[in-house]
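Undergrad: For reference, the file run.csv (CSV, C-alpha atoms) is included below:
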chain,number,residue,atom,x,y,z
A,920,MET,CA,39.2,-14.3,41.7
A,921,LYS,CA,38.3,-17.4,39.7
A,922,GLN,CA,41.4,-17.0,37.6
A,923,LEU,CA,43.6,-16.8,40.7
A,924,THR,CA,41.9,-19.8,42.2
A,925,LYS,CA,42.4,-21.8,39.0
A,926,LYS,CA,46.1,-20.8,38.9
A,927,LYS,CA,46.5,-21.8,42.5
A,928,TRP,CA,45.1,-25.2,41.9
A,929,LEU,CA,47.1,-25.7,38.8
A,930,ARG,CA,50.2,-24.9,40.9
A,931,VAL,CA,49.2,-27.4,43.6
A,932,GLY,CA,48.6,-30.1,41.0
A,933,LEU,CA,52.0,-29.4,39.4
A,934,HIS,CA,53.7,-29.8,42.8
A,935,VAL,CA,51.9,-33.0,43.6
A,936,GLY,CA,52.7,-34.4,40.1
A,937,LEU,CA,56.4,-33.6,40.5
A,938,TRP,CA,56.6,-35.2,43.9
A,939,ILE,CA,54.9,-38.4,42.6
A,940,LEU,CA,57.3,-38.4,39.7
A,941,PHE,CA,60.2,-37.9,42.2
A,942,TYR,CA,59.0,-40.8,44.3
A,943,PHE,CA,58.8,-43.3,41.5
A,944,CYS,CA,61.8,-42.2,39.4
A,945,VAL,CA,64.3,-41.2,42.1
A,946,GLY,CA,62.9,-42.8,45.3
A,947,ARG,CA,62.0,-46.2,43.9
A,948,VAL,CA,64.5,-46.6,41.0
A,949,VAL,CA,67.6,-45.0,42.5
A,950,THR,CA,66.9,-46.4,46.0
A,951,LYS,CA,66.5,-49.9,44.6
A,952,ALA,CA,69.7,-49.7,42.6
A,953,VAL,CA,71.7,-48.4,45.5
A,954,TYR,CA,70.4,-50.4,48.5
A,955,ARG,CA,69.9,-53.7,46.7
A,956,ASP,CA,67.6,-55.0,49.4
A,957,ASN,CA,64.1,-56.5,49.9
A,958,ALA,CA,60.9,-54.7,49.1
A,959,LEU,CA,60.2,-53.6,52.8
A,960,VAL,CA,63.6,-51.8,53.1
A,961,ILE,CA,63.2,-50.2,49.6
A,962,ASN,CA,59.6,-48.9,50.5
A,963,VAL,CA,60.6,-47.6,53.9
A,964,VAL,CA,63.8,-45.8,52.6
A,965,SER,CA,61.9,-44.4,49.6
A,966,LEU,CA,59.0,-43.1,51.7
A,967,ILE,CA,61.3,-41.5,54.4
A,968,ASP,CA,63.5,-40.0,51.7
A,969,LEU,CA,60.4,-38.5,50.0
A,970,LEU,CA,59.1,-37.0,53.3
A,971,ILE,CA,62.5,-35.5,54.1
A,972,ASN,CA,62.7,-33.9,50.6
A,973,ILE,CA,59.1,-32.5,50.8
A,974,THR,CA,59.6,-31.2,54.4
A,975,LEU,CA,62.9,-29.5,53.7
A,976,PHE,CA,61.7,-28.0,50.4
A,977,TYR,CA,58.6,-26.3,51.8
A,978,LEU,CA,60.0,-25.4,55.2
A,979,THR,CA,63.1,-23.9,53.7
A,980,CYS,CA,61.7,-22.2,50.6
A,981,TYR,CA,58.4,-20.9,52.0
A,982,PHE,CA,59.3,-20.1,55.6
A,983,ILE,CA,63.0,-20.0,56.6
A,984,PHE,CA,64.5,-18.2,53.5
A,985,PRO,CA,61.7,-15.6,53.0
A,986,LYS,CA,61.5,-14.9,56.7
A,987,PHE,CA,65.2,-14.9,57.6
A,988,LEU,CA,67.7,-15.3,54.8
A,989,TYR,CA,66.1,-12.8,52.4
A,990,LYS,CA,65.9,-10.3,55.3
A,991,LYS,CA,69.6,-10.9,56.0
A,992,LYS,CA,69.0,-12.6,59.4
A,993,LEU,CA,72.0,-14.8,58.8
A,994,LEU,CA,72.5,-16.2,62.3
A,995,VAL,CA,69.0,-17.6,62.4
A,996,THR,CA,69.4,-19.1,58.9
A,997,LEU,CA,72.8,-20.7,59.9
A,998,GLY,CA,71.2,-22.1,63.1
A,999,TYR,CA,68.4,-23.6,60.9
A,1000,LEU,CA,70.9,-25.2,58.5
A,1001,ILE,CA,72.9,-26.8,61.3
A,1002,GLY,CA,69.6,-28.1,62.9
A,1003,VAL,CA,68.5,-29.5,59.5
A,1004,PHE,CA,71.9,-31.2,59.1
A,1005,TYR,CA,71.7,-32.9,62.5
A,1006,VAL,CA,68.0,-33.9,62.2
A,1007,THR,CA,68.5,-35.6,58.9
A,1008,TYR,CA,71.5,-37.4,60.3
A,1009,ALA,CA,69.5,-38.5,63.4
A,1010,ILE,CA,66.7,-39.8,61.1
A,1011,ASN,CA,69.2,-41.7,59.0
A,1012,TYR,CA,70.8,-43.2,62.1
A,1013,LEU,CA,67.5,-44.3,63.5
A,1014,MET,CA,66.3,-45.6,60.2
A,1015,PHE,CA,69.4,-47.6,59.4
A,1016,LYS,CA,69.5,-49.0,63.0
A,1017,SER,CA,65.9,-50.1,62.7
A,1018,LEU,CA,66.3,-51.7,59.3
A,1019,LEU,CA,69.2,-53.9,60.5
A,1020,ASP,CA,66.6,-56.3,61.7
A,1021,VAL,CA,64.8,-56.6,58.4
A,1022,THR,CA,67.6,-56.2,55.8
A,1023,ASP,CA,68.7,-59.2,53.8
A,1024,GLY,CA,72.3,-58.5,54.9
A,1025,TYR,CA,73.8,-59.9,51.7
A,1026,VAL,CA,73.0,-60.0,48.0
A,1027,GLY,CA,75.0,-62.8,46.8
A,1028,LYS,CA,78.4,-62.3,48.3
A,1029,GLU,CA,78.0,-58.6,48.6
A,1030,LYS,CA,76.6,-56.8,51.6
A,1031,THR,CA,73.5,-54.7,51.4
A,1032,TYR,CA,73.9,-50.9,51.6
A,1033,ILE,CA,72.2,-50.9,55.0
A,1034,THR,CA,74.8,-53.2,56.4
A,1035,ILE,CA,77.7,-51.3,54.8
A,1036,ALA,CA,76.6,-47.9,55.9
A,1037,TRP,CA,76.0,-49.1,59.5
A,1038,GLU,CA,79.5,-50.7,59.7
A,1039,LEU,CA,81.4,-47.9,58.0
A,1040,PHE,CA,79.6,-44.8,59.4
A,1041,LEU,CA,76.8,-45.2,61.9
A,1042,LYS,CA,78.0,-47.9,64.3
A,1043,ASP,CA,81.0,-46.0,65.6
A,1044,GLY,CA,79.6,-42.5,65.0
A,1045,GLY,CA,76.6,-42.9,67.2
A,1046,TRP,CA,73.9,-40.1,67.6
A,1047,LEU,CA,76.5,-37.3,67.1
A,1048,GLY,CA,78.5,-38.9,64.4
A,1049,CYS,CA,77.9,-36.1,61.9
A,1050,PHE,CA,79.8,-33.7,64.2
A,1051,LYS,CA,82.6,-36.1,65.1
A,1052,SER,CA,83.8,-37.0,61.7
A,1053,ALA,CA,84.1,-35.2,58.4
A,1054,ARG,CA,83.7,-38.5,56.6
A,1055,ILE,CA,80.4,-39.2,58.3
A,1056,ALA,CA,79.2,-35.6,57.7
A,1057,THR,CA,80.0,-35.9,54.0
A,1058,TRP,CA,78.1,-39.2,53.8
A,1059,ASN,CA,75.1,-37.8,55.6
A,1060,TYR,CA,75.0,-34.7,53.2
A,1061,THR,CA,75.3,-36.9,50.1
A,1062,LEU,CA,72.6,-39.3,51.2
A,1063,ALA,CA,70.0,-36.9,52.7
A,1064,LEU,CA,70.7,-33.4,51.6
A,1065,PHE,CA,72.2,-33.5,48.1
A,1066,ILE,CA,68.9,-33.6,46.2
A,1067,PRO,CA,67.2,-31.1,48.5
A,1068,THR,CA,70.0,-28.7,47.9
A,1069,ILE,CA,69.4,-28.8,44.2
A,1070,THR,CA,65.6,-28.3,44.5
A,1071,ILE,CA,66.0,-25.6,47.1
A,1072,SER,CA,68.7,-23.8,45.0
A,1073,VAL,CA,66.4,-23.7,42.0
A,1074,LYS,CA,63.5,-22.3,44.0
A,1075,SER,CA,65.8,-19.8,45.7
A,1076,ILE,CA,67.3,-18.5,42.4
A,1077,ARG,CA,63.8,-18.1,41.1
A,1078,ASP,CA,62.8,-16.1,44.3
A,1079,ILE,CA,65.9,-13.9,44.0
A,1080,ILE,CA,65.1,-13.1,40.4
A,1081,PHE,CA,61.5,-12.3,41.4
A,1082,ILE,CA,62.6,-10.1,44.3
A,1083,GLN,CA,65.1,-8.2,42.1
A,1084,LYS,CA,62.3,-7.6,39.5
A,1085,LYS,CA,60.0,-6.4,42.2
A,1086,ASN,CA,62.6,-4.1,43.6
A,1087,ALA,CA,63.4,-2.8,40.2
A,1088,LYS,CA,59.7,-2.1,39.6
A,1089,LEU,CA,59.4,-0.4,42.9
A,1090,GLU,CA,62.4,1.8,42.1
A,1091,LEU,CA,61.0,2.6,38.7
A,1092,ASP,CA,57.6,3.5,40.3
A,1093,ARG,CA,59.5,5.7,42.8
A,1094,ILE,CA,61.4,7.5,40.0
A,1095,VAL,CA,58.1,8.0,38.0
A,1096,LEU,CA,56.5,9.3,41.2
A,1097,GLU,CA,59.3,11.8,41.8
A,1098,ARG,CA,59.2,12.9,38.2
A,1099,ASP,CA,55.4,13.4,38.4
A,1100,LYS,CA,56.0,15.3,41.6
A,1101,LEU,CA,58.6,17.6,40.0
A,1102,THR,CA,56.3,18.1,37.0
A,1103,LEU,CA,53.5,19.1,39.3
A,1104,GLU,CA,55.8,21.5,41.2
A,1105,ARG,CA,57.0,23.0,37.9
A,1106,ASP,CA,53.4,23.4,36.7
A,1107,LYS,CA,52.5,25.0,40.0
A,1108,LEU,CA,55.4,27.4,39.7
A,1109,ALA,CA,54.5,28.2,36.1
A,1110,LEU,CA,50.8,28.8,37.2
A,1111,GLU,CA,51.9,31.0,40.1
A,1112,GLN,CA,54.1,33.0,37.7
A,1113,GLU,CA,51.3,33.2,35.2
A,1114,ASN,CA,48.9,34.4,37.9
A,1115,LEU,CA,51.5,37.0,39.1
A,1116,GLN,CA,51.9,38.2,35.5
A,1117,LEU,CA,48.1,38.5,35.2
A,1118,GLU,CA,48.0,40.5,38.4
A,1119,ILE,CA,50.7,42.8,37.1
A,1120,ASN,CA,49.0,43.2,33.8
A,1121,PHE,CA,45.7,43.9,35.6
A,1122,LEU,CA,47.3,46.6,37.8
A,1123,LYS,CA,48.9,48.1,34.7
A,1124,SER,CA,45.5,48.1,33.0
A,1125,GLN,CA,44.0,49.9,36.0
A,1126,ILE,CA,46.5,52.6,35.6
A,1127,ASN,CA,45.2,53.3,32.0
A,1128,PRO,CA,48.6,54.3,30.7
A,1129,HIS,CA,47.3,55.8,27.5
A,1130,PHE,CA,45.1,58.2,29.4
A,1131,LEU,CA,48.1,59.2,31.6
A,1132,PHE,CA,50.4,59.7,28.7
A,1133,ASN,CA,47.9,61.8,26.8
A,1134,THR,CA,47.3,63.9,29.9
A,1135,LEU,CA,51.0,64.4,30.5
A,1136,ASN,CA,51.5,65.4,26.9
A,1137,SER,CA,48.7,67.9,27.2
A,1138,VAL,CA,50.2,69.4,30.4
A,1139,TYR,CA,53.6,69.5,28.7
A,1140,VAL,CA,52.2,71.4,25.7
A,1141,ASP,CA,50.3,73.8,28.0
A,1142,ILE,CA,53.2,74.8,30.2
A,1143,MET,CA,56.1,74.5,27.8
A,1144,ASP,CA,56.0,78.2,26.9
A,1145,THR,CA,55.3,79.5,30.4
A,1146,ASN,CA,57.4,77.2,32.7
A,1147,GLU,CA,60.2,75.4,30.8
A,1148,GLN,CA,61.5,73.7,34.0
A,1149,ALA,CA,58.0,72.2,34.9
A,1150,ALA,CA,57.6,71.1,31.3
A,1151,GLU,CA,60.9,69.3,31.5
A,1152,GLN,CA,59.8,67.5,34.7
A,1153,VAL,CA,56.6,66.4,33.0
A,1154,LEU,CA,58.6,65.0,30.1
A,1155,LYS,CA,61.0,63.1,32.3
A,1156,LEU,CA,58.1,61.8,34.4
A,1157,ALA,CA,56.4,60.5,31.2
A,1158,SER,CA,59.7,58.8,30.1
A,1159,LEU,CA,60.0,57.1,33.5
A,1160,MET,CA,56.4,55.8,33.4
A,1161,ARG,CA,56.8,54.6,29.8
A,1162,TYR,CA,60.0,52.6,30.7
A,1163,GLY,CA,58.4,51.1,33.8
A,1164,LEU,CA,55.2,50.1,32.0
A,1165,TYR,CA,56.6,48.8,28.7
A,1166,GLU,CA,60.4,48.3,28.8
A,1167,SER,CA,60.5,46.4,32.1
A,1168,ASN,CA,58.1,43.7,30.8
A,1169,GLN,CA,61.0,41.9,29.1
A,1170,GLY,CA,63.3,39.4,30.9
A,1171,GLN,CA,66.3,41.7,30.0
A,1172,ALA,CA,66.6,45.3,29.1
A,1173,ASP,CA,69.3,47.3,27.3
A,1174,LEU,CA,71.8,48.5,29.9
A,1175,ALA,CA,72.0,51.9,28.2
A,1176,LYS,CA,68.2,52.3,28.5
A,1177,GLU,CA,68.4,51.3,32.2
A,1178,LEU,CA,71.0,53.9,32.8
A,1179,ALA,CA,68.9,56.5,30.9
A,1180,TYR,CA,66.0,55.6,33.2
A,1181,ILE,CA,68.2,56.3,36.2
A,1182,GLN,CA,69.4,59.6,34.6
A,1183,ASN,CA,65.8,60.8,34.3
A,1184,TYR,CA,65.1,59.7,37.9
A,1185,LEU,CA,68.1,61.7,39.1
A,1186,ASP,CA,67.1,64.8,37.1
A,1187,LEU,CA,63.7,64.8,38.8
A,1188,GLU,CA,65.4,64.4,42.2
A,1189,ARG,CA,67.7,67.4,41.4
A,1190,ILE,CA,64.6,69.5,40.7
A,1191,ARG,CA,62.9,68.2,43.8
A,1192,HIS,CA,65.7,68.7,46.3
A,1193,GLY,CA,67.4,71.7,44.7
A,1194,HIS,CA,70.7,72.7,46.3
A,1195,GLN,CA,70.1,70.6,49.4
A,1196,VAL,CA,71.6,67.5,47.6
A,1197,THR,CA,74.6,67.3,45.4
A,1198,ILE,CA,73.9,64.5,42.8
A,1199,THR,CA,76.7,63.2,40.6
A,1200,PHE,CA,76.2,60.5,37.9
A,1201,ASP,CA,79.5,59.3,36.4
A,1202,GLN,CA,79.3,56.9,33.4
A,1203,ARG,CA,82.4,55.4,31.7
A,1204,GLY,CA,83.1,52.9,29.0
A,1205,ASN,CA,81.0,51.7,26.1
A,1206,LEU,CA,77.7,50.6,27.7
A,1207,ALA,CA,75.8,50.0,24.5
A,1208,GLY,CA,74.7,46.5,23.5
A,1209,TYR,CA,74.7,44.9,26.9
A,1210,LYS,CA,71.7,43.4,28.7
A,1211,ILE,CA,70.6,43.5,32.4
A,1212,ALA,CA,67.6,42.6,34.4
A,1213,PRO,CA,65.2,45.6,34.2
A,1214,LEU,CA,64.8,47.9,37.2
A,1215,LEU,CA,67.6,46.1,39.1
A,1216,LEU,CA,69.8,49.2,39.6
A,1217,ILE,CA,67.1,51.7,40.5
A,1218,SER,CA,66.6,50.0,43.9
A,1219,PHE,CA,70.1,51.0,45.0
A,1220,VAL,CA,69.6,54.6,43.9
A,1221,GLU,CA,66.2,54.8,45.6
A,1222,ASN,CA,67.6,53.5,48.8
A,1223,ALA,CA,70.5,56.0,48.6
A,1224,PHE,CA,67.9,58.8,48.6
A,1225,LYS,CA,65.7,57.2,51.2
A,1226,HIS,CA,68.3,56.6,53.8
A,1227,GLY,CA,71.0,59.2,52.9
A,1228,VAL,CA,69.0,62.2,51.9
A,1229,ARG,CA,65.6,62.2,53.5
A,1230,LYS,CA,66.9,61.4,56.9
A,1231,SER,CA,69.8,63.8,56.7
A,1232,LYS,CA,69.5,67.1,58.6
A,1233,GLN,CA,72.4,68.8,56.7
A,1234,ALA,CA,73.6,69.1,53.2
A,1235,ALA,CA,73.8,65.6,51.5
A,1236,PHE,CA,75.3,64.1,48.4
A,1237,ILE,CA,74.5,61.2,46.1
A,1238,TYR,CA,77.3,59.8,44.0
A,1239,ILE,CA,76.7,57.1,41.3
A,1240,HIS,CA,79.3,55.5,39.2
A,1241,ALA,CA,78.6,53.1,36.2
A,1242,SER,CA,81.4,51.7,34.1
A,1243,MET,CA,82.1,48.8,31.7
A,1244,GLN,CA,85.6,47.5,31.3
A,1245,ASP,CA,86.6,44.3,29.6
A,1246,GLY,CA,83.1,42.9,29.9
A,1247,LEU,CA,82.9,43.7,33.7
A,1248,PHE,CA,80.1,46.1,34.7
A,1249,THR,CA,80.6,48.0,37.9
A,1250,PHE,CA,77.9,50.0,39.6
A,1251,ILE,CA,78.6,52.0,42.7
A,1252,VAL,CA,76.2,54.1,44.7
A,1253,LYS,CA,77.4,56.4,47.6
A,1254,ASN,CA,75.5,58.7,49.8
A,1255,SER,CA,76.1,60.8,52.9
A,1256,LEU,CA,75.7,57.7,55.1
A,1257,GLY,CA,77.4,54.9,53.3
A,1258,ILE,CA,78.0,53.0,50.1
A,1259,SER,CA,76.4,50.1,48.2
A,1260,GLU,CA,78.1,48.4,45.3
A,1261,ILE,CA,77.2,45.9,42.6
A,1262,ASP,CA,79.7,44.1,40.2
A,1263,LYS,CA,78.3,42.1,37.4
A,1264,THR,CA,80.0,40.4,34.5
A,1265,GLY,CA,78.6,41.9,31.3
A,1266,THR,CA,77.5,39.7,28.4
A,1267,GLU,CA,78.9,40.1,24.9
A,1268,PRO,CA,77.4,43.0,23.0
A,1269,GLY,CA,73.9,42.2,22.0
A,1270,GLY,CA,73.8,39.3,24.5
Let me see whether you can do it: turn the structure in this file into structure tokens.

TA:
Amino acid sequence: MKQLTKKKWLRVGLHVGLWILFYFCVGRVVTKAVYRDNALVINVVSLIDLLINITLFYLTCYFIFPKFLYKKKLLVTLGYLIGVFYVTYAINYLMFKSLLDVTDGYVGKEKTYITIAWELFLKDGGWLGCFKSARIATWNYTLALFIPTITISVKSIRDIIFIQKKNAKLELDRIVLERDKLTLERDKLALEQENLQLEINFLKSQINPHFLFNTLNSVYVDIMDTNEQAAEQVLKLASLMRYGLYESNQGQADLAKELAYIQNYLDLERIRHGHQVTITFDQRGNLAGYKIAPLLLISFVENAFKHGVRKSKQAAFIYIHASMQDGLFTFIVKNSLGISEIDKTGTEPGG
């Protein structure tokens, strides 16, 4: 707080010093050289000129431009500029008219500036001369507004640079905020995926796969000699479980293994349904070396049985076609009720 107060007072002191310097260097020296008149005229003109410059600078730079121009309220700004132009002319008209009584009139054989300006511009122009004649308007701007234009322009350029820097910083902060938001969302998704994987792993651990596989192997050995068909079912069931627990953990699985998994599933369904369902699995092309998302195809097959066999009151059929031709993998599933089909572009072998 103390540092801000000190900075504020330093700024006030700088402004005061500059205006004092302006009064003595510009107001006194330039005015004396131009007007060539007595001390009273020089003092009055210098003081009024200083007051005009101070008023225009602070009113324009600290109120009108920030409140209207920088917010693109151009009509209000234009109205203000026209008003300033007339007010300065009216002040000059009144000042020159009043100083006619105290001016020396002549310096040697030459007329003073008060007399010249009154005769050339103000006498015939009257109170509205700045709007009647371009010559009078130019004279008024040069006399009263040229220096304020310079000081206001310098301050305005500085304000524009500051506003652009501020907007750039705000935009940068917005981009950083968006980046942080995206990072948080990405971390959230990663955490959710990690939690899901933990849940899957937990469920798999609850199944105790080693115990199940050992049990299935024992059952297979016990019934292999007495019931070969049942032993074959147990073997295929173990193969299905092993693929579902271990092979499907990867992001991609071998297409050939995926189809072998489906083949085992179909073999079990054949035994289960017997002659009530005709099951055909047609494979064509070289399917080795290609990758696919694990357990993607089995959903179509399961739905075919669920909706085309279990709900059928008569003999049903399941037809499955899998082929690879020119890198294009085609998978078709038909049942007694309809057809579902999936076409996928295969990757290069090993990809």

Undergrad: From the list A:Lys1042, A:Lys990, A:His1226, A:Lys1028, which residue is nearest A:Tyr1012 when using only C-alpha atoms?

TA: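 So, comparing all the options, the nearest one is A:Lys1042.
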
Undergrad: Record the distance separating atom CA of A:Val935 and atom CA of A:Ile973, expressed in Å with one decimal.

TA: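 Distance reported for this atom pair: 10.2 Å.
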
Undergrad: If you measure from atom CA of A:Thr1070 to atom CA of A:Tyr981, what distance in Å do you get, rounded to one decimal?

TA: 12.8 Å

Undergrad: What does the distance between atom CA of A:Leu1018 and atom CA of A:Cys1049 come to in Å, to one decimal place?

TA: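 So the answer is 19.6 Å.
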
Undergrad: Using all atoms listed in the file, find the one residue out of A:Trp1058, A:Trp1046, A:Phe1236, A:Phe1219 that sits nearest to A:Ile1010.

TA: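 Answer, going by the shortest atom-to-atom distance: A:Trp1046.
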
Undergrad: Considering only C-alpha atoms, state which residue in the set A:Leu1156, A:Leu1064, A:Leu1256, A:Ala1223 is at the smallest distance from A:Val1006.

TA: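 Using only C-alpha atoms, A:Val1006 sits closest to A:Leu1064.
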
Undergrad: Considering only C-alpha atoms, state which residue in the set A:Ile971, A:Val1252, A:Leu1062, A:Ile1080 is at the smallest distance from A:Ser1218.

TA: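 Checking each of A:Ile971, A:Val1252, A:Leu1062, A:Ile1080 against A:Ser1218, counting only C-alpha atoms, the winner is A:Val1252.
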
Undergrad: Hey, which of A:Tyr1184, A:Leu1000, A:Ile1033, A:Leu1101 ends up closest to A:Thr1068? Count all atoms listed in the file.

TA: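 Among the listed residues, the smallest separation from A:Thr1068 belongs to A:Leu1000.
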
Undergrad: Is it possible to get the axis-aligned box enclosing stretch 986-990 of chain A (all listed atoms, 3 Å extra per side) as JSON, with centre and edge lengths in Å rounded to one decimal?

TA:
{"center_x": 64.6, "center_y": -12.8, "center_z": 55.0, "size_x": 12.2, "size_y": 11.0, "size_z": 11.2}

Undergrad: Have a look at A:Asp1173, A:Glu1111, A:Glu1038, A:Asp1245 and name the one nearest to A:Gly1208; count all atoms listed in the file.

TA: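 When distances to A:Gly1208 are compared using all atoms listed in the file, the smallest one comes from A:Asp1173.
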
Undergrad: Counting all atoms listed in the file, what is within 12 Å of A:Asp1020, bar same-chain residues fewer than 2 positions away, as a PyMOL selection string?

TA: chain A and resi 959-960+1014-1018+1022-1024+1033-1034

Undergrad: Can you tell me, as an mmCIF file with C-alpha atoms, in the coordinates of the input, what residues are no more than 9 Å from A:Val1003 when counting only C-alpha atoms, ignoring any on the same chain fewer than 5 positions away?

TA:
data_model
loop_
_atom_site.group_PDB
_atom_site.id
_atom_site.type_symbol
_atom_site.label_atom_id
_atom_site.label_comp_id
_atom_site.auth_asym_id
_atom_site.auth_seq_id
_atom_site.Cartn_x
_atom_site.Cartn_y
_atom_site.Cartn_z
ATOM 1 C CA LEU A 975 62.900 -29.500 53.700
ATOM 2 C CA GLY A 998 71.200 -22.100 63.100
ATOM 3 C CA TYR A 1008 71.500 -37.400 60.300
#

Undergrad: Set the distance at 12 Å and use all atoms listed in the file: which residues neighbour A:Leu1039 once local chain neighbours fewer than 6 positions away are removed? I'd like the list as an mmCIF file with C-alpha atoms, in the coordinates of the input.

TA:
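Contents of around_22.cif, as written:
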data_model
loop_
_atom_site.group_PDB
_atom_site.id
_atom_site.type_symbol
_atom_site.label_atom_id
_atom_site.label_comp_id
_atom_site.auth_asym_id
_atom_site.auth_seq_id
_atom_site.Cartn_x
_atom_site.Cartn_y
_atom_site.Cartn_z
ATOM 1 C CA LYS A 1030 76.600 -56.800 51.600
ATOM 2 C CA TYR A 1032 73.900 -50.900 51.600
ATOM 3 C CA ILE A 1033 72.200 -50.900 55.000
ATOM 4 C CA GLY A 1045 76.600 -42.900 67.200
ATOM 5 C CA GLY A 1048 78.500 -38.900 64.400
ATOM 6 C CA SER A 1052 83.800 -37.000 61.700
ATOM 7 C CA ARG A 1054 83.700 -38.500 56.600
ATOM 8 C CA ILE A 1055 80.400 -39.200 58.300
ATOM 9 C CA TRP A 1058 78.100 -39.200 53.800
#
